[in-house]
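K.L.:
Contents of upload-v5.pdb (PDB, C-alpha atoms):
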```pdb
MODEL        1
ATOM      1  CA  MET A  89     -67.184  92.867-180.283
ATOM      2  CA  ASN A  90     -66.150  92.306-176.662
ATOM      3  CA  THR A  91     -68.530  93.414-173.946
ATOM      4  CA  PHE A  92     -67.157  95.482-171.085
ATOM      5  CA  THR A  93     -67.429  93.346-167.933
ATOM      6  CA  PRO A  94     -65.934  95.368-165.065
ATOM      7  CA  LEU A  95     -67.774  93.603-162.221
ATOM      8  CA  ALA A  96     -67.175  90.040-163.425
ATOM      9  CA  SER A  97     -63.538  90.885-164.149
ATOM     10  CA  LEU A  98     -63.088  92.527-160.739
ATOM     11  CA  LEU A  99     -64.636  89.483-159.043
ATOM     12  CA  GLY A 100     -62.360  87.191-161.073
ATOM     13  CA  GLY A 101     -59.350  89.271-160.049
ATOM     14  CA  ILE A 102     -60.380  89.049-156.387
ATOM     15  CA  LEU A 103     -60.574  85.234-156.655
ATOM     16  CA  ILE A 104     -57.104  85.161-158.238
ATOM     17  CA  GLY A 105     -55.852  87.304-155.359
ATOM     18  CA  LEU A 106     -57.445  84.948-152.833
ATOM     19  CA  SER A 107     -55.717  82.043-154.564
ATOM     20  CA  ALA A 108     -52.352  83.807-154.280
ATOM     21  CA  VAL A 109     -52.913  84.596-150.594
ATOM     22  CA  ALA A 110     -54.042  81.015-149.872
ATOM     23  CA  LEU A 111     -50.972  79.522-151.553
ATOM     24  CA  LEU A 112     -48.622  81.787-149.584
ATOM     25  CA  LEU A 113     -50.406  81.166-146.275
ATOM     26  CA  LEU A 114     -50.604  77.392-146.710
ATOM     27  CA  ASN A 115     -47.520  76.418-148.723
ATOM     28  CA  GLY A 116     -45.425  79.581-148.524
ATOM     29  CA  ARG A 117     -45.340  79.812-152.316
ATOM     30  CA  ILE A 118     -45.887  82.489-154.963
ATOM     31  CA  ALA A 119     -48.840  81.745-157.275
ATOM     32  CA  GLY A 120     -46.949  82.092-160.531
ATOM     33  CA  ILE A 121     -48.454  79.791-163.141
ATOM     34  CA  SER A 122     -45.381  79.659-165.376
ATOM     35  CA  GLY A 123     -43.171  78.868-162.372
ATOM     36  CA  ILE A 124     -45.542  76.213-161.039
ATOM     37  CA  THR A 125     -45.733  74.607-164.494
ATOM     38  CA  ALA A 126     -42.048  74.883-165.379
ATOM     39  CA  GLY A 127     -41.200  73.329-162.003
ATOM     40  CA  LEU A 128     -42.810  70.137-163.281
ATOM     41  CA  LEU A 129     -40.593  69.996-166.348
ATOM     42  CA  SER A 130     -37.278  69.102-164.753
ATOM     43  CA  PHE A 131     -36.914  65.409-165.313
ATOM     44  CA  SER A 132     -33.374  65.094-164.012
ATOM     45  CA  ASP A 133     -33.730  65.968-160.351
ATOM     46  CA  LYS A 134     -36.326  64.346-158.140
ATOM     47  CA  ALA A 135     -38.481  67.330-157.285
ATOM     48  CA  PRO A 136     -40.000  66.789-153.855
ATOM     49  CA  ASP A 137     -42.705  69.395-154.429
ATOM     50  CA  ARG A 138     -44.257  67.866-157.523
ATOM     51  CA  GLY A 139     -47.499  66.965-155.727
ATOM     52  CA  TRP A 140     -48.896  70.406-154.945
ATOM     53  CA  ARG A 141     -47.915  71.700-158.400
ATOM     54  CA  ILE A 142     -49.889  68.939-160.122
ATOM     55  CA  ALA A 143     -52.809  69.481-157.715
ATOM     56  CA  PHE A 144     -52.777  73.231-158.473
ATOM     57  CA  ILE A 145     -52.998  72.589-162.214
ATOM     58  CA  VAL A 146     -55.736  69.993-161.710
ATOM     59  CA  GLY A 147     -57.722  72.649-159.809
ATOM     60  CA  LEU A 148     -56.957  75.251-162.466
ATOM     61  CA  VAL A 149     -58.360  72.989-165.199
ATOM     62  CA  ALA A 150     -61.283  71.686-163.124
ATOM     63  CA  ALA A 151     -62.700  74.994-161.830
ATOM     64  CA  PRO A 152     -63.862  76.418-165.196
ATOM     65  CA  LEU A 153     -65.527  73.066-165.996
ATOM     66  CA  MET A 154     -67.261  73.020-162.604
ATOM     67  CA  LEU A 155     -68.497  76.579-163.180
ATOM     68  CA  MET A 156     -69.855  75.528-166.559
ATOM     69  CA  LEU A 157     -71.751  72.634-164.975
ATOM     70  CA  LEU A 158     -73.145  74.923-162.267
ATOM     71  CA  SER A 159     -74.175  77.771-164.538
ATOM     72  CA  GLY A 160     -75.026  75.781-167.660
ATOM     73  CA  ASP A 161     -73.083  78.325-169.721
ATOM     74  CA  ARG A 162     -70.056  77.374-171.764
ATOM     75  CA  PRO A 163     -67.484  80.145-171.456
ATOM     76  CA  ASP A 164     -66.792  82.085-174.619
ATOM     77  CA  ILE A 165     -63.399  80.972-175.953
ATOM     78  CA  SER A 166     -62.459  82.304-179.374
ATOM     79  CA  PHE A 167     -59.169  82.707-181.150
ATOM     80  CA  VAL A 168     -57.794  85.601-183.103
ATOM     81  CA  VAL A 169     -54.969  83.987-185.062
ATOM     82  CA  PRO A 170     -54.651  80.808-187.179
ATOM     83  CA  LEU A 171     -53.124  77.649-185.707
ATOM     84  CA  PRO A 172     -49.504  78.128-186.880
ATOM     85  CA  LEU A 173     -49.388  81.529-185.167
ATOM     86  CA  THR A 174     -50.952  79.996-182.055
ATOM     87  CA  LEU A 175     -48.059  77.517-181.994
ATOM     88  CA  LEU A 176     -45.540  80.339-182.362
ATOM     89  CA  ALA A 177     -47.309  82.278-179.603
ATOM     90  CA  GLY A 178     -47.113  79.273-177.280
ATOM     91  CA  LEU A 179     -43.411  78.840-177.933
ATOM     92  CA  LEU A 180     -42.716  82.520-177.195
ATOM     93  CA  VAL A 181     -44.833  82.454-174.035
ATOM     94  CA  GLY A 182     -43.165  79.290-172.716
ATOM     95  CA  PHE A 183     -39.620  80.389-173.535
ATOM     96  CA  GLY A 184     -40.148  83.989-172.424
ATOM     97  CA  THR A 185     -41.759  83.208-169.078
ATOM     98  CA  VAL A 186     -38.978  80.797-168.079
ATOM     99  CA  LEU A 187     -36.266  83.214-169.238
ATOM    100  CA  GLY A 188     -37.967  86.160-167.499
ATOM    101  CA  ASN A 189     -38.860  84.152-164.371
ATOM    102  CA  GLY A 190     -42.580  84.782-164.518
ATOM    103  CA  CYS A 191     -45.787  85.685-166.291
ATOM    104  CA  THR A 192     -48.965  87.699-165.743
ATOM    105  CA  SER A 193     -49.608  85.979-162.399
ATOM    106  CA  GLY A 194     -46.162  85.697-160.824
ATOM    107  CA  HIS A 195     -44.916  89.120-161.961
ATOM    108  CA  GLY A 196     -48.166  90.946-162.806
ATOM    109  CA  ILE A 197     -50.173  90.068-159.689
ATOM    110  CA  CYS A 198     -47.918  88.602-156.979
ATOM    111  CA  GLY A 199     -44.746  90.539-157.805
ATOM    112  CA  VAL A 200     -46.480  93.874-158.323
ATOM    113  CA  ALA A 201     -48.358  93.334-155.033
ATOM    114  CA  ARG A 202     -44.975  92.829-153.300
ATOM    115  CA  LEU A 203     -43.623  95.945-155.074
ATOM    116  CA  SER A 204     -40.776  93.842-156.493
ATOM    117  CA  PRO A 205     -38.767  96.042-158.893
ATOM    118  CA  ARG A 206     -38.075  93.069-161.190
ATOM    119  CA  SER A 207     -41.780  92.258-161.410
ATOM    120  CA  ILE A 208     -42.846  95.854-161.978
ATOM    121  CA  ILE A 209     -40.333  96.212-164.829
ATOM    122  CA  ALA A 210     -41.299  92.815-166.291
ATOM    123  CA  THR A 211     -44.994  93.741-166.165
ATOM    124  CA  VAL A 212     -44.380  97.050-167.946
ATOM    125  CA  VAL A 213     -42.306  95.254-170.605
ATOM    126  CA  PHE A 214     -44.750  92.421-171.320
ATOM    127  CA  MET A 215     -47.751  94.775-171.344
ATOM    128  CA  ALA A 216     -45.949  97.087-173.783
ATOM    129  CA  ALA A 217     -44.872  94.154-175.965
ATOM    130  CA  GLY A 218     -48.413  92.750-175.933
ATOM    131  CA  ILE A 219     -49.943  96.102-176.874
ATOM    132  CA  ALA A 220     -47.376  96.618-179.652
ATOM    133  CA  THR A 221     -47.996  93.105-180.989
ATOM    134  CA  THR A 222     -51.784  93.472-181.102
ATOM    135  CA  PHE A 223     -51.304  96.813-182.818
ATOM    136  CA  VAL A 224     -49.351  95.036-185.557
ATOM    137  CA  THR A 225     -51.712  92.056-185.857
ATOM    138  CA  GLN A 226     -55.027  93.913-185.466
ATOM    139  CA  HIS A 227     -54.284  97.147-187.345
ATOM    140  CA  LEU A 228     -51.282  96.851-189.645
ATOM    141  CA  ILE A 229     -52.040  93.295-190.824
ATOM    142  CA  ALA A 230     -55.771  92.783-190.255
ATOM    143  CA  GLY A 231     -56.534  96.412-191.017
ATOM    144  CA  GLY A 232     -59.073  96.558-188.199
TER
ATOM    145  CA  MET B 288     -51.148  65.524-148.168
ATOM    146  CA  SER B 289     -52.135  68.904-146.715
ATOM    147  CA  ARG B 290     -49.730  70.630-149.123
ATOM    148  CA  ILE B 291     -51.348  68.844-152.061
ATOM    149  CA  LEU B 292     -54.828  69.808-150.874
ATOM    150  CA  ALA B 293     -53.629  73.412-150.489
ATOM    151  CA  GLY B 294     -52.389  73.349-154.089
ATOM    152  CA  LEU B 295     -55.748  72.038-155.261
ATOM    153  CA  ILE B 296     -57.695  74.740-153.393
ATOM    154  CA  ALA B 297     -55.455  77.512-154.727
ATOM    155  CA  GLY B 298     -55.738  76.087-158.254
ATOM    156  CA  LEU B 299     -59.542  75.920-158.037
ATOM    157  CA  LEU B 300     -59.736  79.559-156.868
ATOM    158  CA  PHE B 301     -57.337  80.639-159.605
ATOM    159  CA  GLY B 302     -59.211  78.740-162.327
ATOM    160  CA  ALA B 303     -62.552  80.129-161.156
ATOM    161  CA  GLY B 304     -61.083  83.628-161.224
ATOM    162  CA  LEU B 305     -59.765  83.229-164.772
ATOM    163  CA  SER B 306     -63.102  81.858-165.969
ATOM    164  CA  ILE B 307     -65.345  84.460-164.271
ATOM    165  CA  SER B 308     -63.095  87.353-165.284
ATOM    166  CA  GLY B 309     -63.282  86.426-168.979
ATOM    167  CA  MET B 310     -59.515  86.085-169.195
ATOM    168  CA  ILE B 311     -59.977  82.468-170.309
ATOM    169  CA  ASN B 312     -61.049  83.903-173.693
ATOM    170  CA  PRO B 313     -58.071  84.865-175.913
ATOM    171  CA  ALA B 314     -60.240  87.218-178.002
ATOM    172  CA  LYS B 315     -61.078  89.197-174.858
ATOM    173  CA  VAL B 316     -57.400  89.436-173.895
ATOM    174  CA  VAL B 317     -56.531  90.750-177.341
ATOM    175  CA  GLY B 318     -59.462  93.184-177.012
ATOM    176  CA  PHE B 319     -57.815  94.468-173.837
ATOM    177  CA  LEU B 320     -54.352  94.811-175.365
ATOM    178  CA  ASN B 321     -55.766  96.403-178.516
ATOM    179  CA  ILE B 322     -55.905  99.912-177.066
ATOM    180  CA  ALA B 323     -55.981 101.526-180.501
ATOM    181  CA  GLY B 324     -59.047  99.529-181.551
ATOM    182  CA  ALA B 325     -62.390  98.729-179.899
ATOM    183  CA  TRP B 326     -60.696  98.745-176.499
ATOM    184  CA  ASP B 327     -62.227  96.545-173.801
ATOM    185  CA  PRO B 328     -60.639  97.663-170.500
ATOM    186  CA  SER B 329     -62.249  94.837-168.459
ATOM    187  CA  LEU B 330     -59.010  93.020-167.762
ATOM    188  CA  ALA B 331     -57.562  96.054-165.988
ATOM    189  CA  PHE B 332     -60.144  95.210-163.316
ATOM    190  CA  VAL B 333     -58.722  91.678-163.018
ATOM    191  CA  MET B 334     -55.342  93.151-162.270
ATOM    192  CA  LEU B 335     -56.806  95.747-159.913
ATOM    193  CA  GLY B 336     -58.749  93.164-157.875
ATOM    194  CA  GLY B 337     -55.892  90.677-157.941
ATOM    195  CA  VAL B 338     -53.176  93.109-156.910
ATOM    196  CA  ILE B 339     -55.186  94.748-154.088
ATOM    197  CA  VAL B 340     -56.298  91.443-152.533
ATOM    198  CA  THR B 341     -52.800  89.985-152.894
ATOM    199  CA  ALA B 342     -51.076  93.062-151.437
ATOM    200  CA  VAL B 343     -53.361  93.156-148.387
ATOM    201  CA  GLY B 344     -53.310  89.375-147.928
ATOM    202  CA  TYR B 345     -49.538  89.030-148.372
ATOM    203  CA  GLY B 346     -48.998  91.822-145.835
ATOM    204  CA  THR B 347     -51.049  89.899-143.295
ATOM    205  CA  VAL B 348     -49.628  86.445-144.082
ATOM    206  CA  LEU B 349     -45.998  87.584-144.035
ATOM    207  CA  ARG B 350     -46.336  88.758-140.444
ATOM    208  CA  ARG B 351     -46.313  85.047-139.583
ATOM    209  CA  SER B 352     -42.953  83.388-139.022
ATOM    210  CA  GLN B 353     -43.821  80.499-141.365
ATOM    211  CA  PRO B 354     -46.612  79.173-143.596
ATOM    212  CA  LEU B 355     -49.029  76.559-142.250
ATOM    213  CA  PHE B 356     -47.783  73.493-144.138
ATOM    214  CA  GLU B 357     -44.121  74.331-144.783
ATOM    215  CA  PRO B 358     -41.206  75.285-142.540
ATOM    216  CA  ARG B 359     -40.543  78.537-144.421
ATOM    217  CA  PHE B 360     -41.770  80.949-147.084
ATOM    218  CA  THR B 361     -40.269  80.557-150.574
ATOM    219  CA  LEU B 362     -40.053  84.099-151.924
ATOM    220  CA  PRO B 363     -37.975  85.553-154.783
ATOM    221  CA  THR B 364     -35.194  87.722-153.382
ATOM    222  CA  ARG B 365     -33.538  89.127-156.508
ATOM    223  CA  ARG B 366     -33.988  92.838-157.184
ATOM    224  CA  ASP B 367     -31.597  93.335-160.133
ATOM    225  CA  ILE B 368     -32.887  94.154-163.595
ATOM    226  CA  ASP B 369     -30.883  91.890-165.916
ATOM    227  CA  PRO B 370     -31.091  91.212-169.682
ATOM    228  CA  PRO B 371     -32.786  87.783-169.310
ATOM    229  CA  LEU B 372     -35.622  89.453-167.373
ATOM    230  CA  LEU B 373     -36.193  92.097-170.059
ATOM    231  CA  LEU B 374     -35.720  89.731-173.004
ATOM    232  CA  GLY B 375     -37.936  87.088-171.406
ATOM    233  CA  ALA B 376     -40.711  89.553-170.563
ATOM    234  CA  GLY B 377     -40.504  91.003-174.088
ATOM    235  CA  LEU B 378     -40.763  87.612-175.803
ATOM    236  CA  PHE B 379     -43.580  86.611-173.474
ATOM    237  CA  GLY B 380     -45.463  89.839-174.240
ATOM    238  CA  ILE B 381     -45.155  89.272-177.993
ATOM    239  CA  GLY B 382     -46.531  85.733-177.628
ATOM    240  CA  TRP B 383     -49.290  86.971-175.322
ATOM    241  CA  GLY B 384     -50.394  89.680-177.737
ATOM    242  CA  LEU B 385     -50.172  87.298-180.681
ATOM    243  CA  GLY B 386     -52.220  84.424-179.277
ATOM    244  CA  GLY B 387     -54.182  86.121-176.484
ATOM    245  CA  TYR B 388     -53.032  83.456-174.061
ATOM    246  CA  CYS B 389     -50.729  83.646-171.078
ATOM    247  CA  PRO B 390     -49.924  80.417-169.169
ATOM    248  CA  GLY B 391     -52.839  80.442-166.675
ATOM    249  CA  PRO B 392     -55.773  80.915-169.057
ATOM    250  CA  ALA B 393     -54.292  78.458-171.570
ATOM    251  CA  LEU B 394     -54.060  75.723-168.925
ATOM    252  CA  ALA B 395     -57.460  76.647-167.454
ATOM    253  CA  GLY B 396     -59.026  76.280-170.900
ATOM    254  CA  ILE B 397     -57.739  72.768-171.598
ATOM    255  CA  GLY B 398     -60.989  71.142-170.458
ATOM    256  CA  PHE B 399     -63.049  72.746-173.194
ATOM    257  CA  GLY B 400     -61.253  70.786-175.871
ATOM    258  CA  HIS B 401     -60.413  73.484-178.407
ATOM    259  CA  PRO B 402     -57.526  72.229-180.588
ATOM    260  CA  GLU B 403     -55.968  75.725-180.491
ATOM    261  CA  THR B 404     -55.763  75.555-176.695
ATOM    262  CA  MET B 405     -54.072  72.158-176.775
ATOM    263  CA  ALA B 406     -51.683  73.331-179.495
ATOM    264  CA  PHE B 407     -50.791  76.437-177.503
ATOM    265  CA  VAL B 408     -50.190  74.497-174.278
ATOM    266  CA  LEU B 409     -47.981  71.858-175.915
ATOM    267  CA  SER B 410     -46.020  74.555-177.710
ATOM    268  CA  MET B 411     -45.688  76.521-174.460
ATOM    269  CA  LEU B 412     -44.362  73.461-172.616
ATOM    270  CA  ALA B 413     -41.838  72.946-175.426
ATOM    271  CA  GLY B 414     -40.751  76.570-175.079
ATOM    272  CA  MET B 415     -40.332  76.120-171.333
ATOM    273  CA  VAL B 416     -38.208  72.990-171.787
ATOM    274  CA  LEU B 417     -36.111  74.783-174.400
ATOM    275  CA  ALA B 418     -35.455  77.717-172.063
ATOM    276  CA  ARG B 419     -34.657  75.422-169.137
ATOM    277  CA  GLN B 420     -32.236  73.365-171.234
ATOM    278  CA  ASN B 421     -30.403  76.531-172.162
ATOM    279  CA  ALA B 422     -30.737  78.062-168.699
ATOM    280  CA  ASN B 423     -26.998  78.059-168.035
ATOM    281  CA  PHE B 424     -26.216  79.844-171.277
ATOM    282  CA  LEU B 425     -29.138  82.278-170.989
ATOM    283  CA  ALA B 426     -28.349  83.187-167.382
ATOM    284  CA  HIS B 427     -24.998  84.481-168.558
ATOM    285  CA  LEU B 428     -26.516  87.117-170.804
ATOM    286  CA  LYS B 429     -25.082  90.302-169.360
ATOM    287  CA  TRP B 430     -25.228  94.007-170.004
ATOM    288  CA  LYS B 431     -22.527  94.795-172.526
ATOM    289  CA  ALA B 432     -20.837  97.196-170.107
ATOM    290  CA  GLU B 433     -20.242  94.296-167.730
ATOM    291  CA  GLY B 434     -18.057  92.565-170.271
ATOM    292  CA  THR B 435     -18.516  88.959-171.343
ATOM    293  CA  VAL B 436     -21.611  88.269-173.384
TER
ENDMDL
END
```
With the file now loaded, output its structure as structure tokens.

P.N.:
Amino acid sequence: MNTFTPLASLLGGILIGLSAVALLLLNGRIAGISGITAGLLSFSDKAPDRGWRIAFIVGLVAAPLMLMLLSGDRPDISFVVPLPLTLLAGLLVGFGTVLGNGCTSGHGICGVARLSPRSIIATVVFMAAGIATTFVTQHLIAGG
Amino acid sequence: MSRILAGLIAGLLFGAGLSISGMINPAKVVGFLNIAGAWDPSLAFVMLGGVIVTAVGYGTVLRRSQPLFEPRFTLPTRRDIDPPLLLGAGLFGIGWGLGGYCPGPALAGIGFGHPETMAFVLSMLAGMVLARQNANFLAHLKWKAEGTV
């Protein structure tokens, strides 16, 4: 069903790495998407670094659209679970990444690259949980 | 202003990477995690490219005394493995495997207008707010051997 795309995926990974390096060099920050996003959600204190976080997310949303305009190809985006489960998934991802201080980018790329023990453990745990979950949804339930 | 521009540039690079790599597609992510099925190992290459470039680049950048637009680097310093880390990563992994979305690709996909993407993002933001509101309580989750839970 999915095509194996090692070169495109490697190139994408390299761009993500360049983004992480650029953000550290310029702003001295870790490119963790959950951290950047969650940092915008504190309404009580006046966060002085709101600007670059919003700009990062604007870029994150804009780039795939710009690529679509350049290439003329709409990226393939398809979903594997019905809407109620998508909502549950979102809740778990939001809650879990704030509780665990990071996601695939902050722990999986930046933290692993820094050889942070917390990030390495977190990455092993979320990969294992993800694999176990797809095993349940794709094999035990869907029977595929 | 320079810090905002830096954020924009980093966001554009990140979004381009997610789109080109195919990670913006939840079905592809699930195809990667589904190692017992028709396994698509592509996304291992995202991690490989990302980690190598970041490791080399960070090593170079951190030889500087400070970043270009800030007085100092803001880096995590904790090294302890505590229950919130494990519980959080576990819950995140379940959500990731269920929906095929982690935070970056979900946000990067907003522009394509799929209702599922919007639903996921709003739900994710709610989950983040919920965890932040309970941050004080959750931070006190301790190993049982340490006493107070």

K.L.:
In Å, rounded to a single decimal, give me how far atom CA of A:Asp161 is from atom CA of A:Gly218.

P.N.:
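So the answer is 29.2 Å.
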
K.L.:
Taking the file as I've supplied it (selection: the PyMOL selection byres ((chain A and resi 205-210) around 7)), which residues are included? Please answer as an NGL selection string.

P.N.:
(:A and (195-196 or 199-200 or 203-204 or 211-214)) or (:B and (366-368 or 372-373 or 376))

K.L.:
Taking C-alpha atoms for each residue, export the selection above as a compact mmCIF listing (two decimals), keeping the file's coordinate frame.

P.N.:
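Result went into again.txt, see below:
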```txt
# COMPACT_ATOMS: atom_id res chain seq x y z
CA HIS A 195 -44.92 89.12 -161.96
CA GLY A 196 -48.17 90.95 -162.81
CA GLY A 199 -44.75 90.54 -157.80
CA VAL A 200 -46.48 93.87 -158.32
CA LEU A 203 -43.62 95.94 -155.07
CA SER A 204 -40.78 93.84 -156.49
CA THR A 211 -44.99 93.74 -166.16
CA VAL A 212 -44.38 97.05 -167.95
CA VAL A 213 -42.31 95.25 -170.60
CA PHE A 214 -44.75 92.42 -171.32
CA ARG B 366 -33.99 92.84 -157.18
CA ASP B 367 -31.60 93.34 -160.13
CA ILE B 368 -32.89 94.15 -163.60
CA LEU B 372 -35.62 89.45 -167.37
CA LEU B 373 -36.19 92.10 -170.06
CA ALA B 376 -40.71 89.55 -170.56
```

K.L.:
Using all atoms listed in the file and a cutoff of 12 Å, can you tell me which residues are near (-54.6, 93.9, -187.6) in the file's coordinates, and write them out as a PyMOL selection string?

P.N.:
(chain A and resi 168-169+219-232) or (chain B and resi 317-318+321+323-325+384-385)

K.L.:
Determine the residue membership of the PyMOL selection byres ((chain B and resi 391) around 9) for the file above and supply it as a list in words.

P.N.:
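What the PyMOL selection byres ((chain B and resi 391) around 9) grabs from the file is Gly120, Ile121, Ser122, Leu148, Cys191, Thr192 and Ser193 of chain A; Phe301, Gly302, Leu305, Ile311, Tyr388, Cys389, Pro390, Pro392, Ala393, Leu394, Ala395 and Gly396 of chain B.
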
K.L.:
For the structure shown, which residues end up in the PyMOL selection byres ((chain B and resi 327) around 10)? Put them as a list in words, please?

P.N.:
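Given this file, the PyMOL selection byres ((chain B and resi 327) around 10) evaluates to Met89, Asn90, Thr91, Phe92, Thr93 and Pro94 of chain A; Lys315, Val316, Val317, Gly318, Phe319, Leu320, Asn321, Ile322, Gly324, Ala325, Trp326, Pro328, Ser329, Leu330 and Ala331 of chain B.
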
K.L.:
Could you check which of A:Gly182, A:Gly160, A:Pro170, A:Gly194 is closest to chain B, using only C-alpha atoms?

P.N.:
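Among the listed residues, A:Gly182 lies closest to chain B.
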
K.L.:
Give me, please, the distance in Å between atom CA of B:Arg365 and atom CA of A:Cys198, quoted to one decimal.

P.N.:
14.4 Å

K.L.:
Just the number, please: distance in Å from atom CA of A:Arg162 to atom CA of A:Leu175, one decimal.

P.N.:
24.3 Å

K.L.:
So which one's closest to B:Met334, B:Gly400, B:Gly304, B:Gly375, B:Pro363? Using only C-alpha atoms, please.

P.N.:
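Checking each of B:Gly400, B:Gly304, B:Gly375, B:Pro363 against B:Met334, counting only C-alpha atoms, the winner is B:Gly304.
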
K.L.:
When you count all atoms listed in the file, which of these residues is closest to chain A: B:Pro370, B:Pro402, B:Gly346, B:Gly380?

P.N.:
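Using all atoms listed in the file, chain A sits closest to B:Gly380.
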
K.L.:
For B:Val333, which residue among B:Ala413, B:Met310, B:Leu428, B:Ile381 is the nearest when counting all atoms listed in the file?

P.N.:
B:Met310

K.L.:
So which residues touch B:Gly386 within 6 Å, counting all atoms listed in the file, skipping near sequence neighbours fewer than 3 positions away, as a PyMOL selection string?

P.N.:
(chain A and resi 174+177) or (chain B and resi 383)

K.L.:
Can you tell me, as a list in words, what residues are no more than 6 Å from B:Leu300 when counting all atoms listed in the file, ignoring any on the same chain fewer than 3 positions away?

P.N.:
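Close residues of B:Leu300: Leu103 and Ser107 of chain A; Ala297 and Ala303 of chain B.
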
K.L.:
Considering all atoms listed in the file, can you say which of A:Thr125, A:Asp137, A:Ser130, A:Ile104 comes closest to chain B?

P.N.:
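Using all atoms listed in the file, chain B sits closest to A:Ile104.
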
K.L.:
Measuring atom to atom with only C-alpha atoms, identify which of A:Pro172, A:Gly184, A:Gly190, A:Gly127 is nearest to chain B.

P.N.:
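Of all the options, A:Gly184 lies closest to chain B.
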
K.L.:
Name all residues at most 9 Å from A:Leu171 (count only C-alpha atoms; drop same-chain ones fewer than 6 positions away) and give them as number ranges by chain.

P.N.:
B: 402-403, 406-407
